[in-house]
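Containing PDB, C-alpha atoms, pLDDT in the B column: work36.pdb.
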```pdb
ATOM      1  CA  LEU A 103      12.529 -20.282  -1.911  1.00 84.00           C
ATOM      2  CA  PHE A 104      10.277 -17.569  -3.296  1.00 82.00           C
ATOM      3  CA  ILE A 105       6.847 -18.067  -4.861  1.00 83.00           C
ATOM      4  CA  ALA A 106       4.710 -15.298  -6.349  1.00 85.00           C
ATOM      5  CA  ARG A 107       1.376 -15.046  -8.119  1.00 88.00           C
ATOM      6  CA  ALA A 108      -0.233 -12.021  -9.767  1.00 89.00           C
ATOM      7  CA  GLU A 109      -3.788 -11.594 -10.980  1.00 91.00           C
ATOM      8  CA  SER A 110      -5.844  -8.833 -12.587  1.00 89.00           C
ATOM      9  CA  ARG A 111      -9.606  -8.436 -12.406  1.00 87.00           C
ATOM     10  CA  ALA A 112     -12.011  -6.084 -14.085  1.00 84.00           C
ATOM     11  CA  GLY A 113     -13.347  -3.184 -12.052  1.00 78.00           C
ATOM     12  CA  SER A 114     -16.753  -3.456 -10.422  1.00 80.00           C
ATOM     13  CA  GLY A 115     -18.502  -0.948 -12.657  1.00 79.00           C
ATOM     14  CA  LEU A 116     -18.459   0.765 -15.997  1.00 81.00           C
ATOM     15  CA  ARG A 117     -15.253   2.705 -16.613  1.00 82.00           C
ATOM     16  CA  THR A 118     -13.649   1.558 -13.384  1.00 85.00           C
ATOM     17  CA  PRO A 119      -9.998   0.586 -13.554  1.00 87.00           C
ATOM     18  CA  ARG A 120      -8.772  -2.979 -13.375  1.00 85.00           C
ATOM     19  CA  HIS A 121      -7.585  -4.225 -10.006  1.00 87.00           C
ATOM     20  CA  HIS A 122      -4.149  -5.822  -9.768  1.00 87.00           C
ATOM     21  CA  TYR A 123      -3.227  -8.181  -6.954  1.00 90.00           C
ATOM     22  CA  ALA A 124       0.042  -9.862  -6.073  1.00 88.00           C
ATOM     23  CA  VAL A 125       0.801 -12.437  -3.406  1.00 88.00           C
ATOM     24  CA  ALA A 126       4.300 -13.607  -2.575  1.00 84.00           C
ATOM     25  CA  ILE A 127       5.742 -15.931   0.030  1.00 84.00           C
ATOM     26  CA  GLY A 128       9.318 -16.808   0.694  1.00 84.00           C
ATOM     27  CA  CYS A 129      11.522 -18.748   3.043  1.00 86.00           C
ATOM     28  CA  GLN A 130      15.058 -20.052   3.284  1.00 86.00           C
ATOM     29  CA  ALA A 131      15.620 -22.989   0.935  1.00 83.00           C
ATOM     30  CA  THR A 132      16.445 -25.139   3.968  1.00 85.00           C
ATOM     31  CA  PHE A 133      12.718 -25.091   4.791  1.00 89.00           C
ATOM     32  CA  ALA A 134      11.559 -25.957   1.260  1.00 87.00           C
ATOM     33  CA  ASP A 135      10.626 -29.511   2.275  1.00 86.00           C
ATOM     34  CA  ARG A 136       7.739 -27.984   4.262  1.00 89.00           C
ATOM     35  CA  ILE A 137       6.223 -26.237   1.227  1.00 86.00           C
ATOM     36  CA  VAL A 138       4.197 -28.194  -1.308  1.00 90.00           C
ATOM     37  CA  TYR A 139       5.280 -25.916  -4.190  1.00 85.00           C
ATOM     38  CA  ALA A 140       8.861 -27.116  -3.763  1.00 87.00           C
ATOM     39  CA  ASP A 141       7.990 -30.826  -3.978  1.00 87.00           C
ATOM     40  CA  ARG A 142       9.217 -31.240  -7.572  1.00 86.00           C
ATOM     41  CA  LEU A 143      12.162 -28.864  -7.378  1.00 84.00           C
ATOM     42  CA  ASN A 144      15.664 -30.243  -7.275  1.00 84.00           C
ATOM     43  CA  LEU A 145      17.075 -27.792  -4.758  1.00 81.00           C
ATOM     44  CA  HIS A 146      20.529 -29.334  -5.023  1.00 81.00           C
ATOM     45  CA  ARG A 147      21.013 -27.905  -8.547  1.00 82.00           C
ATOM     46  CA  SER A 148      22.530 -24.473  -8.082  1.00 78.00           C
ATOM     47  CA  GLU A 149      21.775 -23.428 -11.683  1.00 81.00           C
ATOM     48  CA  ILE A 150      18.019 -23.299 -10.971  1.00 76.00           C
ATOM     49  CA  ALA A 151      18.513 -20.664  -8.260  1.00 77.00           C
ATOM     50  CA  GLU A 152      17.844 -17.045  -9.171  1.00 75.00           C
ATOM     51  CA  PRO A 153      18.983 -14.586  -6.504  1.00 72.00           C
ATOM     52  CA  VAL A 154      16.443 -11.913  -5.576  1.00 73.00           C
ATOM     53  CA  GLY A 155      16.376  -9.074  -3.092  1.00 70.00           C
ATOM     54  CA  VAL A 156      13.583  -7.831  -0.877  1.00 74.00           C
ATOM     55  CA  HIS A 157      12.759  -5.173  -3.472  1.00 80.00           C
ATOM     56  CA  CYS A 158      14.323  -3.611  -6.559  1.00 81.00           C
ATOM     57  CA  ARG A 159      16.846  -1.507  -4.693  1.00 82.00           C
ATOM     58  CA  GLN A 160      18.308  -4.600  -2.969  1.00 81.00           C
ATOM     59  CA  CYS A 161      17.933  -7.130  -5.793  1.00 81.00           C
ATOM     60  CA  PRO A 162      21.284  -8.349  -7.190  1.00 78.00           C
ATOM     61  CA  ARG A 163      19.924  -9.044 -10.713  1.00 79.00           C
ATOM     62  CA  THR A 164      21.357  -6.187 -12.782  1.00 78.00           C
ATOM     63  CA  GLN A 165      19.863  -7.378 -16.087  1.00 81.00           C
ATOM     64  CA  CYS A 166      16.289  -7.810 -14.760  1.00 81.00           C
ATOM     65  CA  THR A 167      13.676  -6.683 -17.291  1.00 80.00           C
ATOM     66  CA  GLN A 168      11.252  -5.878 -14.448  1.00 79.00           C
ATOM     67  CA  ARG A 169      13.602  -3.499 -12.617  1.00 82.00           C
ATOM     68  CA  VAL A 170      12.010  -0.125 -11.837  1.00 82.00           C
ATOM     69  CA  PHE A 171      14.714   1.345  -9.551  1.00 83.00           C
ATOM     70  CA  ASP A 172      18.491   1.345  -9.690  1.00 83.00           C
ATOM     71  CA  ALA A 173      20.150  -1.028  -7.246  1.00 80.00           C
ATOM     72  CA  LEU A 174      21.714   0.498  -4.130  1.00 81.00           C
ATOM     73  CA  VAL A 175      24.837  -1.667  -4.505  1.00 72.00           C
ATOM     74  CA  ARG A 176      26.372  -2.657  -7.815  1.00 61.00           C
TER      75      ARG A 176
END
```
Take the structure from the file and write it as structure tokens.
Amino acid sequence: LFIARAESRAGSGLRTPRHHYAVAIGCQATFADRIVYADRLNLHRSEIAEPVGVHCRQCPRTQCTQRVFDALVR
């Protein structure tokens, strides 16, 4: 189970760049009953699962629109 949230905030002064933050947590799906964000998920439906890797180079999703690096294994 993987949950992520991203947020952008304006810089602290004139002409300062925006700040981008990302937070992600993950665990094996067998522990999903301990996470409130999984309460309404039907984890027994395999079609809702989307495999992900630790980062782009290990992610198995070849058609990902967010990919920035080629995968190590195809």
Written as a PyMOL selection string, what is the full residue list that the PyMOL selection byres ((chain A and resi 169) around 12) yields on the file shown? chain A and resi 154-155+157-168+170-173
Given the point (1.3, -15.5, -8.3) in the file's coordinates, find the residues that have an atom at most 12 Å from it, counting all atoms listed in the file, and give them as a PDB file with C-alpha atoms, in the frame of the given file.
```
ATOM      1  CA  PHE A 104      10.277 -17.569  -3.296  1.00 82.00           C
ATOM      2  CA  ILE A 105       6.847 -18.067  -4.861  1.00 83.00           C
ATOM      3  CA  ALA A 106       4.710 -15.298  -6.349  1.00 85.00           C
ATOM      4  CA  ARG A 107       1.376 -15.046  -8.119  1.00 88.00           C
ATOM      5  CA  ALA A 108      -0.233 -12.021  -9.767  1.00 89.00           C
ATOM      6  CA  GLU A 109      -3.788 -11.594 -10.980  1.00 91.00           C
ATOM      7  CA  SER A 110      -5.844  -8.833 -12.587  1.00 89.00           C
ATOM      8  CA  HIS A 122      -4.149  -5.822  -9.768  1.00 87.00           C
ATOM      9  CA  TYR A 123      -3.227  -8.181  -6.954  1.00 90.00           C
ATOM     10  CA  ALA A 124       0.042  -9.862  -6.073  1.00 88.00           C
ATOM     11  CA  VAL A 125       0.801 -12.437  -3.406  1.00 88.00           C
ATOM     12  CA  ALA A 126       4.300 -13.607  -2.575  1.00 84.00           C
ATOM     13  CA  ILE A 127       5.742 -15.931   0.030  1.00 84.00           C
ATOM     14  CA  TYR A 139       5.280 -25.916  -4.190  1.00 85.00           C
TER      15      TYR A 139
END
```
What is the distance between CA of Glu149 (chain A) and CA of Leu103 (chain A), in Å to one decimal? 13.8 Å
Take CA of Leu145 (chain A) and CA of Val175 (chain A) and report the distance between them in Å, one decimal.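 Answer for the CA of Leu145 (chain A) to CA of Val175 (chain A) separation: 27.3 Å.
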Written-out region 128-143 of chain A (all heavy atoms) as a PDB file, in the first residue's frame:
```pdb
ATOM      1  N   GLY A 128       4.560   3.965   2.697  1.00  0.00           N
ATOM      2  CA  GLY A 128       4.193   2.706   2.064  1.00  0.00           C
ATOM      3  C   GLY A 128       4.425   1.543   3.003  1.00  0.00           C
ATOM      4  O   GLY A 128       5.207   1.625   3.945  1.00  0.00           O
ATOM      5  N   CYS A 129       3.696   0.482   2.751  1.00  0.00           N
ATOM      6  CA  CYS A 129       3.867  -0.744   3.522  1.00  0.00           C
ATOM      7  C   CYS A 129       3.330  -1.907   2.685  1.00  0.00           C
ATOM      8  O   CYS A 129       2.684  -1.703   1.667  1.00  0.00           O
ATOM      9  CB  CYS A 129       3.138  -0.674   4.862  1.00  0.00           C
ATOM     10  SG  CYS A 129       1.343  -0.726   4.748  1.00  0.00           S
ATOM     11  N   GLN A 130       3.594  -3.108   3.125  1.00  0.00           N
ATOM     12  CA  GLN A 130       3.026  -4.270   2.459  1.00  0.00           C
ATOM     13  C   GLN A 130       1.515  -4.229   2.636  1.00  0.00           C
ATOM     14  O   GLN A 130       1.009  -3.809   3.671  1.00  0.00           O
ATOM     15  CB  GLN A 130       3.581  -5.552   3.055  1.00  0.00           C
ATOM     16  CG  GLN A 130       5.038  -5.781   2.783  1.00  0.00           C
ATOM     17  CD  GLN A 130       5.515  -7.070   3.418  1.00  0.00           C
ATOM     18  OE1 GLN A 130       4.774  -7.803   4.043  1.00  0.00           O
ATOM     19  NE2 GLN A 130       6.793  -7.341   3.239  1.00  0.00           N
ATOM     20  N   ALA A 131       0.782  -4.662   1.643  1.00  0.00           N
ATOM     21  CA  ALA A 131      -0.682  -4.648   1.706  1.00  0.00           C
ATOM     22  C   ALA A 131      -1.213  -5.495   2.858  1.00  0.00           C
ATOM     23  O   ALA A 131      -2.319  -5.245   3.340  1.00  0.00           O
ATOM     24  CB  ALA A 131      -1.270  -5.119   0.383  1.00  0.00           C
ATOM     25  N   THR A 132      -0.430  -6.433   3.340  1.00  0.00           N
ATOM     26  CA  THR A 132      -0.883  -7.263   4.467  1.00  0.00           C
ATOM     27  C   THR A 132      -1.045  -6.445   5.749  1.00  0.00           C
ATOM     28  O   THR A 132      -1.741  -6.865   6.665  1.00  0.00           O
ATOM     29  CB  THR A 132       0.097  -8.428   4.730  1.00  0.00           C
ATOM     30  OG1 THR A 132       1.398  -7.895   4.931  1.00  0.00           O
ATOM     31  CG2 THR A 132       0.108  -9.396   3.569  1.00  0.00           C
ATOM     32  N   PHE A 133      -0.441  -5.264   5.794  1.00  0.00           N
ATOM     33  CA  PHE A 133      -0.559  -4.392   6.962  1.00  0.00           C
ATOM     34  C   PHE A 133      -1.561  -3.260   6.743  1.00  0.00           C
ATOM     35  O   PHE A 133      -1.684  -2.363   7.582  1.00  0.00           O
ATOM     36  CB  PHE A 133       0.801  -3.788   7.323  1.00  0.00           C
ATOM     37  CG  PHE A 133       1.828  -4.815   7.659  1.00  0.00           C
ATOM     38  CD1 PHE A 133       2.919  -5.000   6.832  1.00  0.00           C
ATOM     39  CD2 PHE A 133       1.713  -5.601   8.791  1.00  0.00           C
ATOM     40  CE1 PHE A 133       3.887  -5.959   7.126  1.00  0.00           C
ATOM     41  CE2 PHE A 133       2.664  -6.550   9.102  1.00  0.00           C
ATOM     42  CZ  PHE A 133       3.752  -6.732   8.274  1.00  0.00           C
ATOM     43  N   ALA A 134      -2.284  -3.272   5.650  1.00  0.00           N
ATOM     44  CA  ALA A 134      -3.196  -2.183   5.312  1.00  0.00           C
ATOM     45  C   ALA A 134      -4.291  -1.980   6.353  1.00  0.00           C
ATOM     46  O   ALA A 134      -4.782  -0.865   6.531  1.00  0.00           O
ATOM     47  CB  ALA A 134      -3.822  -2.423   3.938  1.00  0.00           C
ATOM     48  N   ASP A 135      -4.670  -3.014   7.077  1.00  0.00           N
ATOM     49  CA  ASP A 135      -5.721  -2.865   8.086  1.00  0.00           C
ATOM     50  C   ASP A 135      -5.282  -1.971   9.240  1.00  0.00           C
ATOM     51  O   ASP A 135      -6.097  -1.515  10.030  1.00  0.00           O
ATOM     52  CB  ASP A 135      -6.153  -4.236   8.617  1.00  0.00           C
ATOM     53  CG  ASP A 135      -5.028  -5.009   9.281  1.00  0.00           C
ATOM     54  OD1 ASP A 135      -3.843  -4.734   8.966  1.00  0.00           O
ATOM     55  OD2 ASP A 135      -5.335  -5.882  10.112  1.00  0.00           O
ATOM     56  N   ARG A 136      -4.014  -1.639   9.320  1.00  0.00           N
ATOM     57  CA  ARG A 136      -3.494  -0.760  10.372  1.00  0.00           C
ATOM     58  C   ARG A 136      -3.411   0.696   9.938  1.00  0.00           C
ATOM     59  O   ARG A 136      -3.004   1.551  10.722  1.00  0.00           O
ATOM     60  CB  ARG A 136      -2.111  -1.232  10.799  1.00  0.00           C
ATOM     61  CG  ARG A 136      -2.110  -2.640  11.334  1.00  0.00           C
ATOM     62  CD  ARG A 136      -0.733  -3.053  11.719  1.00  0.00           C
ATOM     63  NE  ARG A 136      -0.714  -4.458  12.095  1.00  0.00           N
ATOM     64  CZ  ARG A 136       0.352  -5.092  12.505  1.00  0.00           C
ATOM     65  NH1 ARG A 136       1.499  -4.453  12.601  1.00  0.00           N
ATOM     66  NH2 ARG A 136       0.282  -6.365  12.821  1.00  0.00           N
ATOM     67  N   ILE A 137      -3.771   0.975   8.681  1.00  0.00           N
ATOM     68  CA  ILE A 137      -3.665   2.329   8.137  1.00  0.00           C
ATOM     69  C   ILE A 137      -5.048   2.847   7.790  1.00  0.00           C
ATOM     70  O   ILE A 137      -5.781   2.220   7.031  1.00  0.00           O
ATOM     71  CB  ILE A 137      -2.757   2.335   6.884  1.00  0.00           C
ATOM     72  CG1 ILE A 137      -1.350   1.874   7.286  1.00  0.00           C
ATOM     73  CG2 ILE A 137      -2.700   3.712   6.255  1.00  0.00           C
ATOM     74  CD1 ILE A 137      -0.410   1.748   6.140  1.00  0.00           C
ATOM     75  N   VAL A 138      -5.401   3.999   8.333  1.00  0.00           N
ATOM     76  CA  VAL A 138      -6.741   4.542   8.143  1.00  0.00           C
ATOM     77  C   VAL A 138      -7.046   4.834   6.663  1.00  0.00           C
ATOM     78  O   VAL A 138      -8.190   4.712   6.229  1.00  0.00           O
ATOM     79  CB  VAL A 138      -6.942   5.809   9.013  1.00  0.00           C
ATOM     80  CG1 VAL A 138      -6.068   6.948   8.508  1.00  0.00           C
ATOM     81  CG2 VAL A 138      -8.403   6.207   9.058  1.00  0.00           C
ATOM     82  N   TYR A 139      -6.048   5.175   5.871  1.00  0.00           N
ATOM     83  CA  TYR A 139      -6.275   5.494   4.463  1.00  0.00           C
ATOM     84  C   TYR A 139      -6.707   4.280   3.646  1.00  0.00           C
ATOM     85  O   TYR A 139      -7.197   4.415   2.537  1.00  0.00           O
ATOM     86  CB  TYR A 139      -5.027   6.121   3.843  1.00  0.00           C
ATOM     87  CG  TYR A 139      -4.665   7.433   4.480  1.00  0.00           C
ATOM     88  CD1 TYR A 139      -3.562   7.549   5.302  1.00  0.00           C
ATOM     89  CD2 TYR A 139      -5.454   8.563   4.274  1.00  0.00           C
ATOM     90  CE1 TYR A 139      -3.240   8.751   5.908  1.00  0.00           C
ATOM     91  CE2 TYR A 139      -5.146   9.763   4.866  1.00  0.00           C
ATOM     92  CZ  TYR A 139      -4.035   9.850   5.676  1.00  0.00           C
ATOM     93  OH  TYR A 139      -3.734  11.045   6.280  1.00  0.00           O
ATOM     94  N   ALA A 140      -6.530   3.105   4.174  1.00  0.00           N
ATOM     95  CA  ALA A 140      -6.928   1.884   3.470  1.00  0.00           C
ATOM     96  C   ALA A 140      -8.300   1.390   3.897  1.00  0.00           C
ATOM     97  O   ALA A 140      -8.779   0.389   3.368  1.00  0.00           O
ATOM     98  CB  ALA A 140      -5.899   0.790   3.717  1.00  0.00           C
ATOM     99  N   ASP A 141      -8.956   2.089   4.821  1.00  0.00           N
ATOM    100  CA  ASP A 141     -10.229   1.614   5.367  1.00  0.00           C
ATOM    101  C   ASP A 141     -11.285   1.319   4.313  1.00  0.00           C
ATOM    102  O   ASP A 141     -12.029   0.374   4.429  1.00  0.00           O
ATOM    103  CB  ASP A 141     -10.794   2.618   6.375  1.00  0.00           C
ATOM    104  CG  ASP A 141     -10.084   2.538   7.715  1.00  0.00           C
ATOM    105  OD1 ASP A 141      -9.256   1.619   7.900  1.00  0.00           O
ATOM    106  OD2 ASP A 141     -10.354   3.398   8.570  1.00  0.00           O
ATOM    107  N   ARG A 142     -11.368   2.120   3.274  1.00  0.00           N
ATOM    108  CA  ARG A 142     -12.420   1.937   2.254  1.00  0.00           C
ATOM    109  C   ARG A 142     -11.935   1.219   1.010  1.00  0.00           C
ATOM    110  O   ARG A 142     -12.667   1.097   0.037  1.00  0.00           O
ATOM    111  CB  ARG A 142     -13.011   3.289   1.877  1.00  0.00           C
ATOM    112  CG  ARG A 142     -13.736   3.937   3.033  1.00  0.00           C
ATOM    113  CD  ARG A 142     -14.405   5.200   2.614  1.00  0.00           C
ATOM    114  NE  ARG A 142     -15.080   5.787   3.761  1.00  0.00           N
ATOM    115  CZ  ARG A 142     -15.526   7.013   3.804  1.00  0.00           C
ATOM    116  NH1 ARG A 142     -15.372   7.793   2.758  1.00  0.00           N
ATOM    117  NH2 ARG A 142     -16.123   7.471   4.876  1.00  0.00           N
ATOM    118  N   LEU A 143     -10.710   0.750   1.017  1.00  0.00           N
ATOM    119  CA  LEU A 143     -10.181   0.037  -0.140  1.00  0.00           C
ATOM    120  C   LEU A 143     -10.528  -1.442  -0.057  1.00  0.00           C
ATOM    121  O   LEU A 143     -10.415  -2.055   0.998  1.00  0.00           O
ATOM    122  CB  LEU A 143      -8.657   0.174  -0.205  1.00  0.00           C
ATOM    123  CG  LEU A 143      -8.091   1.559  -0.436  1.00  0.00           C
ATOM    124  CD1 LEU A 143      -6.566   1.495  -0.419  1.00  0.00           C
ATOM    125  CD2 LEU A 143      -8.584   2.142  -1.736  1.00  0.00           C
TER     126      LEU A 143
END
```
